[in-house]
$ cat data-v1.pdb   # PDB, C-alpha atoms and all ligand atoms
ATOM      1  CA  MET A   1      58.520  14.099  32.937  1.00  0.00           C
ATOM      2  CA  ILE A   2      58.373  10.522  31.718  1.00  0.00           C
ATOM      3  CA  ARG A   3      61.721   9.546  30.239  1.00  0.00           C
ATOM      4  CA  THR A   4      62.549   6.877  27.667  1.00  0.00           C
ATOM      5  CA  ILE A   5      63.770   3.626  29.186  1.00  0.00           C
ATOM      6  CA  LEU A   6      66.694   2.078  27.309  1.00  0.00           C
ATOM      7  CA  HIS A   7      66.272  -1.531  26.290  1.00  0.00           C
ATOM      8  CA  TYR A   8      68.953  -4.195  26.054  1.00  0.00           C
ATOM      9  CA  PRO A   9      71.166  -4.456  23.976  1.00  0.00           C
ATOM     10  CA  ASP A  10      71.543  -0.639  24.070  1.00  0.00           C
ATOM     11  CA  LYS A  11      75.223  -0.079  24.910  1.00  0.00           C
ATOM     12  CA  ARG A  12      74.437   2.851  27.202  1.00  0.00           C
ATOM     13  CA  LEU A  13      73.141   0.287  29.721  1.00  0.00           C
ATOM     14  CA  ARG A  14      76.787  -0.738  30.200  1.00  0.00           C
ATOM     15  CA  GLU A  15      77.816   2.705  31.416  1.00  0.00           C
ATOM     16  CA  LYS A  16      78.522   3.140  35.109  1.00  0.00           C
ATOM     17  CA  GLY A  17      76.769   5.552  37.420  1.00  0.00           C
ATOM     18  CA  LEU A  18      79.256   8.196  38.480  1.00  0.00           C
ATOM     19  CA  LYS A  19      79.257   9.506  42.044  1.00  0.00           C
ATOM     20  CA  ILE A  20      76.974  12.486  42.616  1.00  0.00           C
ATOM     21  CA  GLU A  21      79.048  15.199  44.303  1.00  0.00           C
ATOM     22  CA  LYS A  22      76.137  17.343  45.426  1.00  0.00           C
ATOM     23  CA  VAL A  23      72.404  16.695  45.623  1.00  0.00           C
ATOM     24  CA  THR A  24      71.132  19.713  43.699  1.00  0.00           C
ATOM     25  CA  ASP A  25      67.675  20.708  42.466  1.00  0.00           C
ATOM     26  CA  GLU A  26      68.717  19.290  39.100  1.00  0.00           C
ATOM     27  CA  ILE A  27      69.274  15.894  40.754  1.00  0.00           C
ATOM     28  CA  ARG A  28      65.909  16.184  42.527  1.00  0.00           C
ATOM     29  CA  THR A  29      64.225  16.846  39.168  1.00  0.00           C
ATOM     30  CA  LEU A  30      65.952  13.743  37.797  1.00  0.00           C
ATOM     31  CA  ILE A  31      64.642  11.767  40.817  1.00  0.00           C
ATOM     32  CA  ASP A  32      61.091  13.028  40.125  1.00  0.00           C
ATOM     33  CA  ASP A  33      61.417  12.031  36.451  1.00  0.00           C
ATOM     34  CA  MET A  34      62.708   8.592  37.412  1.00  0.00           C
ATOM     35  CA  ALA A  35      59.869   7.998  39.888  1.00  0.00           C
ATOM     36  CA  GLU A  36      57.290   9.109  37.304  1.00  0.00           C
ATOM     37  CA  THR A  37      58.890   6.885  34.651  1.00  0.00           C
ATOM     38  CA  MET A  38      59.029   3.884  37.012  1.00  0.00           C
ATOM     39  CA  TYR A  39      55.373   4.237  38.101  1.00  0.00           C
ATOM     40  CA  ALA A  40      54.193   4.706  34.505  1.00  0.00           C
ATOM     41  CA  ALA A  41      56.024   1.596  33.272  1.00  0.00           C
ATOM     42  CA  PRO A  42      55.023   0.159  35.833  1.00  0.00           C
ATOM     43  CA  GLY A  43      58.041  -1.231  37.671  1.00  0.00           C
ATOM     44  CA  VAL A  44      59.422  -1.639  41.201  1.00  0.00           C
ATOM     45  CA  GLY A  45      62.815  -0.085  40.504  1.00  0.00           C
ATOM     46  CA  LEU A  46      64.688   2.121  38.056  1.00  0.00           C
ATOM     47  CA  ALA A  47      68.348   3.119  37.841  1.00  0.00           C
ATOM     48  CA  ALA A  48      69.550   6.386  36.287  1.00  0.00           C
ATOM     49  CA  THR A  49      71.665   4.487  33.750  1.00  0.00           C
ATOM     50  CA  GLN A  50      68.436   2.948  32.378  1.00  0.00           C
ATOM     51  CA  ILE A  51      67.372   6.367  31.102  1.00  0.00           C
ATOM     52  CA  GLY A  52      70.840   7.270  29.828  1.00  0.00           C
ATOM     53  CA  GLU A  53      71.955   9.314  32.853  1.00  0.00           C
ATOM     54  CA  SER A  54      75.292   7.952  34.059  1.00  0.00           C
ATOM     55  CA  VAL A  55      75.013   8.970  37.689  1.00  0.00           C
ATOM     56  CA  SER A  56      74.881   6.831  40.830  1.00  0.00           C
ATOM     57  CA  LEU A  57      71.176   6.949  41.634  1.00  0.00           C
ATOM     58  CA  PHE A  58      68.217   4.579  41.704  1.00  0.00           C
ATOM     59  CA  VAL A  59      64.637   4.589  42.932  1.00  0.00           C
ATOM     60  CA  ILE A  60      62.617   1.669  44.300  1.00  0.00           C
ATOM     61  CA  ASP A  61      59.013   1.187  45.396  1.00  0.00           C
ATOM     62  CA  VAL A  62      58.106  -2.351  46.451  1.00  0.00           C
ATOM     63  CA  ALA A  63      54.717  -1.506  47.993  1.00  0.00           C
ATOM     64  CA  GLU A  64      51.864  -3.828  46.991  1.00  0.00           C
ATOM     65  CA  GLN A  65      49.245  -2.365  44.654  1.00  0.00           C
ATOM     66  CA  ASP A  66      46.698  -2.015  47.488  1.00  0.00           C
ATOM     67  CA  GLU A  67      49.240  -0.288  49.755  1.00  0.00           C
ATOM     68  CA  PRO A  68      50.222   3.383  49.770  1.00  0.00           C
ATOM     69  CA  SER A  69      53.284   4.152  47.630  1.00  0.00           C
ATOM     70  CA  ASP A  70      56.652   3.902  49.358  1.00  0.00           C
ATOM     71  CA  LEU A  71      59.234   5.611  47.161  1.00  0.00           C
ATOM     72  CA  ARG A  72      62.820   5.046  48.251  1.00  0.00           C
ATOM     73  CA  VAL A  73      65.699   7.044  46.771  1.00  0.00           C
ATOM     74  CA  PHE A  74      69.299   5.796  46.814  1.00  0.00           C
ATOM     75  CA  ILE A  75      72.066   8.223  45.821  1.00  0.00           C
ATOM     76  CA  ASN A  76      75.696   6.956  45.725  1.00  0.00           C
ATOM     77  CA  PRO A  77      74.605   3.614  47.216  1.00  0.00           C
ATOM     78  CA  GLU A  78      77.109   1.194  48.716  1.00  0.00           C
ATOM     79  CA  ILE A  79      76.229  -2.370  49.666  1.00  0.00           C
ATOM     80  CA  LEU A  80      78.033  -2.897  52.974  1.00  0.00           C
ATOM     81  CA  GLU A  81      76.918  -6.444  53.756  1.00  0.00           C
ATOM     82  CA  ARG A  82      75.355  -9.333  51.863  1.00  0.00           C
ATOM     83  CA  GLU A  83      74.042 -12.319  53.797  1.00  0.00           C
ATOM     84  CA  ASP A  84      72.461 -15.686  52.937  1.00  0.00           C
ATOM     85  CA  ALA A  85      71.225 -16.685  49.497  1.00  0.00           C
ATOM     86  CA  ILE A  86      67.910 -16.526  47.687  1.00  0.00           C
ATOM     87  CA  THR A  87      66.750 -17.207  44.130  1.00  0.00           C
ATOM     88  CA  TRP A  88      64.266 -14.663  42.822  1.00  0.00           C
ATOM     89  CA  THR A  89      62.323 -14.551  39.575  1.00  0.00           C
ATOM     90  CA  GLU A  90      63.268 -11.104  38.308  1.00  0.00           C
ATOM     91  CA  GLY A  91      62.139  -8.811  35.570  1.00  0.00           C
ATOM     92  CA  CYS A  92      63.743  -5.585  34.355  1.00  0.00           C
ATOM     93  CA  LEU A  93      62.290  -2.567  32.557  1.00  0.00           C
ATOM     94  CA  SER A  94      65.243  -2.795  30.148  1.00  0.00           C
ATOM     95  CA  PHE A  95      64.227  -6.394  29.256  1.00  0.00           C
ATOM     96  CA  PRO A  96      60.499  -6.152  28.457  1.00  0.00           C
ATOM     97  CA  GLY A  97      58.761  -9.522  28.547  1.00  0.00           C
ATOM     98  CA  VAL A  98      61.688 -11.334  30.167  1.00  0.00           C
ATOM     99  CA  THR A  99      61.577 -12.965  33.620  1.00  0.00           C
ATOM    100  CA  GLU A 100      64.390 -15.216  34.803  1.00  0.00           C
ATOM    101  CA  ASP A 101      65.589 -16.733  38.076  1.00  0.00           C
ATOM    102  CA  VAL A 102      68.592 -14.896  39.516  1.00  0.00           C
ATOM    103  CA  ASP A 103      70.654 -15.880  42.565  1.00  0.00           C
ATOM    104  CA  ARG A 104      70.993 -13.039  45.063  1.00  0.00           C
ATOM    105  CA  ALA A 105      71.874 -12.432  48.702  1.00  0.00           C
ATOM    106  CA  ALA A 106      68.767 -12.794  50.876  1.00  0.00           C
ATOM    107  CA  LYS A 107      69.682  -9.812  53.067  1.00  0.00           C
ATOM    108  CA  VAL A 108      71.707  -6.691  52.424  1.00  0.00           C
ATOM    109  CA  LYS A 109      72.841  -3.686  54.370  1.00  0.00           C
ATOM    110  CA  VAL A 110      73.102  -0.571  52.235  1.00  0.00           C
ATOM    111  CA  ARG A 111      74.287   2.970  52.808  1.00  0.00           C
ATOM    112  CA  ALA A 112      73.234   5.837  50.556  1.00  0.00           C
ATOM    113  CA  LEU A 113      72.079   9.460  50.484  1.00  0.00           C
ATOM    114  CA  ASP A 114      68.409  10.380  50.348  1.00  0.00           C
ATOM    115  CA  ARG A 115      66.886  13.139  48.184  1.00  0.00           C
ATOM    116  CA  ASP A 116      67.910  15.732  50.769  1.00  0.00           C
ATOM    117  CA  GLY A 117      71.534  14.551  50.607  1.00  0.00           C
ATOM    118  CA  LYS A 118      71.338  12.951  54.063  1.00  0.00           C
ATOM    119  CA  VAL A 119      73.158   9.669  54.718  1.00  0.00           C
ATOM    120  CA  PHE A 120      71.086   6.675  55.757  1.00  0.00           C
ATOM    121  CA  THR A 121      71.735   2.971  56.232  1.00  0.00           C
ATOM    122  CA  LEU A 122      69.105   0.337  55.627  1.00  0.00           C
ATOM    123  CA  GLU A 123      68.909  -3.390  56.274  1.00  0.00           C
ATOM    124  CA  ALA A 124      66.637  -5.109  53.794  1.00  0.00           C
ATOM    125  CA  GLU A 125      65.428  -8.610  52.974  1.00  0.00           C
ATOM    126  CA  GLY A 126      63.099 -10.276  50.475  1.00  0.00           C
ATOM    127  CA  LEU A 127      61.943  -8.254  47.464  1.00  0.00           C
ATOM    128  CA  LEU A 128      63.490  -5.016  48.733  1.00  0.00           C
ATOM    129  CA  ALA A 129      66.909  -6.686  49.138  1.00  0.00           C
ATOM    130  CA  VAL A 130      66.640  -8.204  45.654  1.00  0.00           C
ATOM    131  CA  ALA A 131      65.579  -4.880  44.115  1.00  0.00           C
ATOM    132  CA  ILE A 132      68.496  -3.061  45.779  1.00  0.00           C
ATOM    133  CA  GLN A 133      70.986  -5.588  44.356  1.00  0.00           C
ATOM    134  CA  HIS A 134      69.366  -5.471  40.902  1.00  0.00           C
ATOM    135  CA  GLU A 135      69.420  -1.662  40.732  1.00  0.00           C
ATOM    136  CA  TYR A 136      72.913  -1.486  42.236  1.00  0.00           C
ATOM    137  CA  ASP A 137      74.065  -3.803  39.429  1.00  0.00           C
ATOM    138  CA  HIS A 138      72.708  -1.316  36.865  1.00  0.00           C
ATOM    139  CA  LEU A 139      74.976   1.390  38.304  1.00  0.00           C
ATOM    140  CA  GLU A 140      77.938  -0.959  37.726  1.00  0.00           C
ATOM    141  CA  GLY A 141      76.842  -1.606  34.142  1.00  0.00           C
ATOM    142  CA  VAL A 142      75.783  -5.135  35.116  1.00  0.00           C
ATOM    143  CA  LEU A 143      72.480  -6.496  33.775  1.00  0.00           C
ATOM    144  CA  MET A 144      70.252  -9.424  34.748  1.00  0.00           C
ATOM    145  CA  ILE A 145      71.381 -11.324  31.639  1.00  0.00           C
ATOM    146  CA  ASP A 146      74.906 -11.415  33.109  1.00  0.00           C
ATOM    147  CA  HIS A 147      73.616 -13.610  35.943  1.00  0.00           C
ATOM    148  CA  LEU A 148      72.236 -16.302  33.625  1.00  0.00           C
ATOM    149  CA  GLY A 149      73.880 -19.488  32.448  1.00  0.00           C
ATOM    150  CA  PRO A 150      75.220 -19.621  28.843  1.00  0.00           C
ATOM    151  CA  LEU A 151      72.106 -21.221  27.302  1.00  0.00           C
ATOM    152  CA  LYS A 152      69.566 -18.867  28.894  1.00  0.00           C
ATOM    153  CA  LYS A 153      71.862 -15.930  28.209  1.00  0.00           C
ATOM    154  CA  ARG A 154      71.879 -16.766  24.499  1.00  0.00           C
ATOM    155  CA  LEU A 155      68.089 -17.201  24.398  1.00  0.00           C
ATOM    156  CA  VAL A 156      67.420 -13.883  26.144  1.00  0.00           C
ATOM    157  CA  HIS A 157      69.998 -12.094  23.997  1.00  0.00           C
ATOM    158  CA  ARG A 158      68.402 -13.453  20.812  1.00  0.00           C
ATOM    159  CA  LYS A 159      64.891 -12.505  21.956  1.00  0.00           C
ATOM    160  CA  MET A 160      65.934  -8.952  22.814  1.00  0.00           C
ATOM    161  CA  GLN A 161      67.981  -8.537  19.630  1.00  0.00           C
ATOM    162  CA  LYS A 162      64.981  -9.644  17.564  1.00  0.00           C
ATOM    163  CA  ARG A 163      62.822  -7.118  19.409  1.00  0.00           C
ATOM    164  CA  ALA A 164      65.355  -4.334  18.761  1.00  0.00           C
ATOM    165  CA  ASP A 165      65.625  -5.255  15.064  1.00  0.00           C
ATOM    166  CA  ALA A 166      61.812  -5.226  14.707  1.00  0.00           C
ATOM    167  CA  SER A 167      61.542  -1.721  16.172  1.00  0.00           C
ATOM    168  CA  ALA A 168      64.528  -0.297  14.273  1.00  0.00           C
TER     169      ALA A 168
HETATM  170 NI    NI B 201      66.660  -3.608  35.749  1.00  0.00          NI
END
$ encode --input "data-v1.pdb" --output "C-alpha cells"
Amino acid sequence: MIRTILHYPDKRLREKGLKIEKVTDEIRTLIDDMAETMYAAPGVGLAATQIGESVSLFVIDVAEQDEPSDLRVFINPEILEREDAITWTEGCLSFPGVTEDVDRAAKVKVRALDRDGKVFTLEAEGLLAVAIQHEYDHLEGVLMIDHLGPLKKRLVHRKMQKRADASA
C-alpha cells in the first residue's frame, strides 16, 4: 500500500526511529509499503519516520533505471565506520523540489538486520554510502536542511513553509 510521505516542516519528521525488537510479519508489511511508496515517488531511499512510523527502518534502491531493481532493507542500522569525505547533491522525498550539496563521508560500514531478521554488515561508497547516511539521519530526526549553512537553511525553510501554507 502506498503511504503518505510527510513533508518538511511536519514535526513528525523530527521523531526518532525506535529499535525494532522483533522482525514480525507486521514489520515486513511495513517494509513492503515503504518499498512501494519509494518506487512510486520515485526515490532512492525512504525511512520509516518519513511516513510517520517511528521505528528504526529504512529502504534503499540505488540501481540505475536500466538495471534490475536492488532493494536493500536496513532494520536497526548502526554506522560502524565513516571514512573520507565527499560532497553530494542530495534530494529528499520530504523536501520536494529541493536539491542541495551536503558533505558526507565517502565510505561507510554499516550493520543492520535484513527483512528476515538476520544481521549483515555492508561496506558502501558513492551514492549507496550517501543514501545510507541520509536515511540513517532520518531515524535520528535529522534532516538534510540541518546540514546547510544559515543562508541556504533559511531559503529552503521559507520555500517549504510556503509550499505547506499553499496546500493547507
Ligand atoms: Ni530524505
$ resolve_selection --input "data-v1.pdb" --expression "the PyMOL selection byres (((chain A and resi 146-157) around 9) and not hetatm)" --output "PyMOL selection string"
chain A and resi 8-9+95+98+100-103+142-145+158-162
$ write_last_selection --input "data-v1.pdb" --atoms "C-alpha atoms" --output "tab-separated table (two decimals), in the coordinates of the input"
chain	number	residue	atom	x	y	z
A	8	TYR	CA	68.95	-4.20	26.05
A	9	PRO	CA	71.17	-4.46	23.98
A	95	PHE	CA	64.23	-6.39	29.26
A	98	VAL	CA	61.69	-11.33	30.17
A	100	GLU	CA	64.39	-15.22	34.80
A	101	ASP	CA	65.59	-16.73	38.08
A	102	VAL	CA	68.59	-14.90	39.52
A	103	ASP	CA	70.65	-15.88	42.56
A	142	VAL	CA	75.78	-5.14	35.12
A	143	LEU	CA	72.48	-6.50	33.78
A	144	MET	CA	70.25	-9.42	34.75
A	145	ILE	CA	71.38	-11.32	31.64
A	158	ARG	CA	68.40	-13.45	20.81
A	159	LYS	CA	64.89	-12.50	21.96
A	160	MET	CA	65.93	-8.95	22.81
A	161	GLN	CA	67.98	-8.54	19.63
A	162	LYS	CA	64.98	-9.64	17.56
$ closest_atom_pairs --input "data-v1.pdb" --of "chain A" --to "ligand NI 201 (chain B)" --cutoff "12 Å" --atoms "only C-alpha atoms and all ligand atoms" --output "CSV"
residue,atom,partner,partner_atom,distance
A:Ile5,CA,B:NI201,NI,10.2
A:Leu6,CA,B:NI201,NI,10.2
A:His7,CA,B:NI201,NI,9.7
A:Tyr8,CA,B:NI201,NI,10.0
A:Leu13,CA,B:NI201,NI,9.7
A:Arg14,CA,B:NI201,NI,11.9
A:Met38,CA,B:NI201,NI,10.8
A:Gly43,CA,B:NI201,NI,9.1
A:Val44,CA,B:NI201,NI,9.3
A:Gly45,CA,B:NI201,NI,7.1
A:Leu46,CA,B:NI201,NI,6.5
A:Ala47,CA,B:NI201,NI,7.2
A:Ala48,CA,B:NI201,NI,10.4
A:Thr49,CA,B:NI201,NI,9.7
A:Gln50,CA,B:NI201,NI,7.6
A:Ile51,CA,B:NI201,NI,11.0
A:Phe58,CA,B:NI201,NI,10.2
A:Val59,CA,B:NI201,NI,11.1
A:Ile60,CA,B:NI201,NI,10.8
A:Glu90,CA,B:NI201,NI,8.6
A:Gly91,CA,B:NI201,NI,6.9
A:Cys92,CA,B:NI201,NI,3.8
A:Leu93,CA,B:NI201,NI,5.5
A:Ser94,CA,B:NI201,NI,5.8
A:Phe95,CA,B:NI201,NI,7.5
A:Pro96,CA,B:NI201,NI,9.9
A:Val98,CA,B:NI201,NI,10.8
A:Thr99,CA,B:NI201,NI,10.9
A:Glu100,CA,B:NI201,NI,11.9
A:Val130,CA,B:NI201,NI,10.9
A:Ala131,CA,B:NI201,NI,8.5
A:Ile132,CA,B:NI201,NI,10.2
A:Gln133,CA,B:NI201,NI,9.8
A:His134,CA,B:NI201,NI,6.1
A:Glu135,CA,B:NI201,NI,6.0
A:Tyr136,CA,B:NI201,NI,9.3
A:Asp137,CA,B:NI201,NI,8.3
A:His138,CA,B:NI201,NI,6.6
A:Leu139,CA,B:NI201,NI,10.0
A:Glu140,CA,B:NI201,NI,11.8
A:Gly141,CA,B:NI201,NI,10.5
A:Val142,CA,B:NI201,NI,9.3
A:Leu143,CA,B:NI201,NI,6.8
A:Met144,CA,B:NI201,NI,6.9
A:Ile145,CA,B:NI201,NI,9.9
A:Asp146,CA,B:NI201,NI,11.7
$ write_last_selection --input "data-v1.pdb" --atoms "C-alpha atoms" --output "PDB file, in the coordinates of the input"
ATOM      1  CA  ILE A   5      63.770   3.626  29.186  1.00  0.00           C
ATOM      2  CA  LEU A   6      66.694   2.078  27.309  1.00  0.00           C
ATOM      3  CA  HIS A   7      66.272  -1.531  26.290  1.00  0.00           C
ATOM      4  CA  TYR A   8      68.953  -4.195  26.054  1.00  0.00           C
ATOM      5  CA  LEU A  13      73.141   0.287  29.721  1.00  0.00           C
ATOM      6  CA  ARG A  14      76.787  -0.738  30.200  1.00  0.00           C
ATOM      7  CA  MET A  38      59.029   3.884  37.012  1.00  0.00           C
ATOM      8  CA  GLY A  43      58.041  -1.231  37.671  1.00  0.00           C
ATOM      9  CA  VAL A  44      59.422  -1.639  41.201  1.00  0.00           C
ATOM     10  CA  GLY A  45      62.815  -0.085  40.504  1.00  0.00           C
ATOM     11  CA  LEU A  46      64.688   2.121  38.056  1.00  0.00           C
ATOM     12  CA  ALA A  47      68.348   3.119  37.841  1.00  0.00           C
ATOM     13  CA  ALA A  48      69.550   6.386  36.287  1.00  0.00           C
ATOM     14  CA  THR A  49      71.665   4.487  33.750  1.00  0.00           C
ATOM     15  CA  GLN A  50      68.436   2.948  32.378  1.00  0.00           C
ATOM     16  CA  ILE A  51      67.372   6.367  31.102  1.00  0.00           C
ATOM     17  CA  PHE A  58      68.217   4.579  41.704  1.00  0.00           C
ATOM     18  CA  VAL A  59      64.637   4.589  42.932  1.00  0.00           C
ATOM     19  CA  ILE A  60      62.617   1.669  44.300  1.00  0.00           C
ATOM     20  CA  GLU A  90      63.268 -11.104  38.308  1.00  0.00           C
ATOM     21  CA  GLY A  91      62.139  -8.811  35.570  1.00  0.00           C
ATOM     22  CA  CYS A  92      63.743  -5.585  34.355  1.00  0.00           C
ATOM     23  CA  LEU A  93      62.290  -2.567  32.557  1.00  0.00           C
ATOM     24  CA  SER A  94      65.243  -2.795  30.148  1.00  0.00           C
ATOM     25  CA  PHE A  95      64.227  -6.394  29.256  1.00  0.00           C
ATOM     26  CA  PRO A  96      60.499  -6.152  28.457  1.00  0.00           C
ATOM     27  CA  VAL A  98      61.688 -11.334  30.167  1.00  0.00           C
ATOM     28  CA  THR A  99      61.577 -12.965  33.620  1.00  0.00           C
ATOM     29  CA  GLU A 100      64.390 -15.216  34.803  1.00  0.00           C
ATOM     30  CA  VAL A 130      66.640  -8.204  45.654  1.00  0.00           C
ATOM     31  CA  ALA A 131      65.579  -4.880  44.115  1.00  0.00           C
ATOM     32  CA  ILE A 132      68.496  -3.061  45.779  1.00  0.00           C
ATOM     33  CA  GLN A 133      70.986  -5.588  44.356  1.00  0.00           C
ATOM     34  CA  HIS A 134      69.366  -5.471  40.902  1.00  0.00           C
ATOM     35  CA  GLU A 135      69.420  -1.662  40.732  1.00  0.00           C
ATOM     36  CA  TYR A 136      72.913  -1.486  42.236  1.00  0.00           C
ATOM     37  CA  ASP A 137      74.065  -3.803  39.429  1.00  0.00           C
ATOM     38  CA  HIS A 138      72.708  -1.316  36.865  1.00  0.00           C
ATOM     39  CA  LEU A 139      74.976   1.390  38.304  1.00  0.00           C
ATOM     40  CA  GLU A 140      77.938  -0.959  37.726  1.00  0.00           C
ATOM     41  CA  GLY A 141      76.842  -1.606  34.142  1.00  0.00           C
ATOM     42  CA  VAL A 142      75.783  -5.135  35.116  1.00  0.00           C
ATOM     43  CA  LEU A 143      72.480  -6.496  33.775  1.00  0.00           C
ATOM     44  CA  MET A 144      70.252  -9.424  34.748  1.00  0.00           C
ATOM     45  CA  ILE A 145      71.381 -11.324  31.639  1.00  0.00           C
ATOM     46  CA  ASP A 146      74.906 -11.415  33.109  1.00  0.00           C
TER      47      ASP A 146
END
$ resolve_selection --input "data-v1.pdb" --expression "the PyMOL selection byres (((chain A and resi 77) around 8) and not hetatm)" --output "list in words"
Ser56, Leu57, Phe74, Ile75, Asn76, Glu78, Ile79, Val110, Arg111, Ala112, Leu113 and Tyr136 of chain A
$ residues_around --input "data-v1.pdb" --residues "Ala129 (chain A)" --least-positions-apart "2" --cutoff "8 Å" --atoms "only C-alpha atoms" --output "VMD selection string"
chain A and resid 105 to 108 124 to 127 131 to 133
$ write_last_selection --input "data-v1.pdb" --atoms "C-alpha atoms" --output "compact mmCIF listing (two decimals), in the coordinates of the input"
# COMPACT_ATOMS: atom_id res chain seq x y z
CA ALA A 105 71.87 -12.43 48.70
CA ALA A 106 68.77 -12.79 50.88
CA LYS A 107 69.68 -9.81 53.07
CA VAL A 108 71.71 -6.69 52.42
CA ALA A 124 66.64 -5.11 53.79
CA GLU A 125 65.43 -8.61 52.97
CA GLY A 126 63.10 -10.28 50.48
CA LEU A 127 61.94 -8.25 47.46
CA ALA A 131 65.58 -4.88 44.12
CA ILE A 132 68.50 -3.06 45.78
CA GLN A 133 70.99 -5.59 44.36
$ closest_residue --input "data-v1.pdb" --among "A:Asp165, A:Glu53, A:Asp84, A:Asp116" --to "Val23 (chain A)" --atoms "all atoms listed in the file"
A:Asp116
$ atom_distance --input "data-v1.pdb" --atom1 "CA of Val73 (chain A)" --atom2 "CA of Ile31 (chain A)"
7.7 Å
$ atom_distance --input "data-v1.pdb" --atom1 "CA of Asp32 (chain A)" --atom2 "CA of Arg115 (chain A)"
9.9 Å
$ atom_distance --input "data-v1.pdb" --atom1 "CA of Ile20 (chain A)" --atom2 "CA of Leu80 (chain A)"
18.6 Å
$ closest_residue --input "data-v1.pdb" --among "A:Ala40, A:Ala35, A:Leu30, A:Ala166" --to "Ser54 (chain A)" --atoms "only C-alpha atoms"
A:Leu30
$ closest_residue --input "data-v1.pdb" --among "A:Arg12, A:Thr89, A:Asp33, A:Val62" --to "Leu128 (chain A)" --atoms "only C-alpha atoms"
A:Val62
$ axis_aligned_box --input "data-v1.pdb" --around "region 3-20 of chain A" --padding-each-side "6 Å" --output "AutoDock Vina command-line options"
--center_x 70.5 --center_y 4.0 --center_z 33.3 --size_x 29.5 --size_y 28.9 --size_z 30.6
$ decode --input "data-v1.pdb" --residues "region 88-93 of chain A" --atoms "all heavy atoms" --output "PDB file, in the first residue's frame"
ATOM      1  N   TRP A  88      27.850  15.702  -1.944  1.00  0.00           N
ATOM      2  CA  TRP A  88      26.869  15.096  -2.853  1.00  0.00           C
ATOM      3  C   TRP A  88      25.654  16.018  -2.977  1.00  0.00           C
ATOM      4  O   TRP A  88      25.207  16.572  -1.980  1.00  0.00           O
ATOM      5  CB  TRP A  88      26.434  13.735  -2.303  1.00  0.00           C
ATOM      6  CG  TRP A  88      25.910  12.820  -3.359  1.00  0.00           C
ATOM      7  CD1 TRP A  88      24.645  12.790  -3.856  1.00  0.00           C
ATOM      8  CD2 TRP A  88      26.648  11.807  -4.057  1.00  0.00           C
ATOM      9  NE1 TRP A  88      24.561  11.816  -4.826  1.00  0.00           N
ATOM     10  CE2 TRP A  88      25.768  11.197  -4.978  1.00  0.00           C
ATOM     11  CE3 TRP A  88      27.980  11.368  -4.000  1.00  0.00           C
ATOM     12  CZ2 TRP A  88      26.160  10.160  -5.829  1.00  0.00           C
ATOM     13  CZ3 TRP A  88      28.372  10.338  -4.838  1.00  0.00           C
ATOM     14  CH2 TRP A  88      27.453   9.752  -5.752  1.00  0.00           C
ATOM     15  N   THR A  89      25.156  16.155  -4.196  1.00  0.00           N
ATOM     16  CA  THR A  89      23.939  16.942  -4.384  1.00  0.00           C
ATOM     17  C   THR A  89      22.747  16.041  -4.093  1.00  0.00           C
ATOM     18  O   THR A  89      22.453  15.128  -4.851  1.00  0.00           O
ATOM     19  CB  THR A  89      23.873  17.507  -5.815  1.00  0.00           C
ATOM     20  OG1 THR A  89      25.087  18.205  -6.078  1.00  0.00           O
ATOM     21  CG2 THR A  89      22.696  18.480  -5.960  1.00  0.00           C
ATOM     22  N   GLU A  90      22.097  16.292  -2.958  1.00  0.00           N
ATOM     23  CA  GLU A  90      21.056  15.400  -2.464  1.00  0.00           C
ATOM     24  C   GLU A  90      19.663  15.977  -2.633  1.00  0.00           C
ATOM     25  O   GLU A  90      19.470  17.184  -2.600  1.00  0.00           O
ATOM     26  CB  GLU A  90      21.266  15.113  -0.962  1.00  0.00           C
ATOM     27  CG  GLU A  90      22.557  14.387  -0.687  1.00  0.00           C
ATOM     28  CD  GLU A  90      22.708  14.015   0.783  1.00  0.00           C
ATOM     29  OE1 GLU A  90      21.709  13.996   1.531  1.00  0.00           O
ATOM     30  OE2 GLU A  90      23.857  13.734   1.184  1.00  0.00           O
ATOM     31  N   GLY A  91      18.720  15.073  -2.772  1.00  0.00           N
ATOM     32  CA  GLY A  91      17.318  15.418  -2.696  1.00  0.00           C
ATOM     33  C   GLY A  91      16.709  14.591  -1.581  1.00  0.00           C
ATOM     34  O   GLY A  91      17.379  13.738  -0.999  1.00  0.00           O
ATOM     35  N   CYS A  92      15.442  14.843  -1.268  1.00  0.00           N
ATOM     36  CA  CYS A  92      14.772  14.089  -0.205  1.00  0.00           C
ATOM     37  C   CYS A  92      13.278  14.112  -0.500  1.00  0.00           C
ATOM     38  O   CYS A  92      12.740  15.170  -0.855  1.00  0.00           O
ATOM     39  CB  CYS A  92      15.049  14.746   1.144  1.00  0.00           C
ATOM     40  SG  CYS A  92      14.191  13.950   2.513  1.00  0.00           S
ATOM     41  N   LEU A  93      12.621  12.973  -0.358  1.00  0.00           N
ATOM     42  CA  LEU A  93      11.187  12.905  -0.650  1.00  0.00           C
ATOM     43  C   LEU A  93      10.374  13.785   0.300  1.00  0.00           C
ATOM     44  O   LEU A  93       9.233  14.126  -0.001  1.00  0.00           O
ATOM     45  CB  LEU A  93      10.698  11.455  -0.608  1.00  0.00           C
ATOM     46  CG  LEU A  93      11.281  10.547  -1.709  1.00  0.00           C
ATOM     47  CD1 LEU A  93      10.818   9.110  -1.508  1.00  0.00           C
ATOM     48  CD2 LEU A  93      10.896  11.045  -3.095  1.00  0.00           C
TER      49      LEU A  93
END
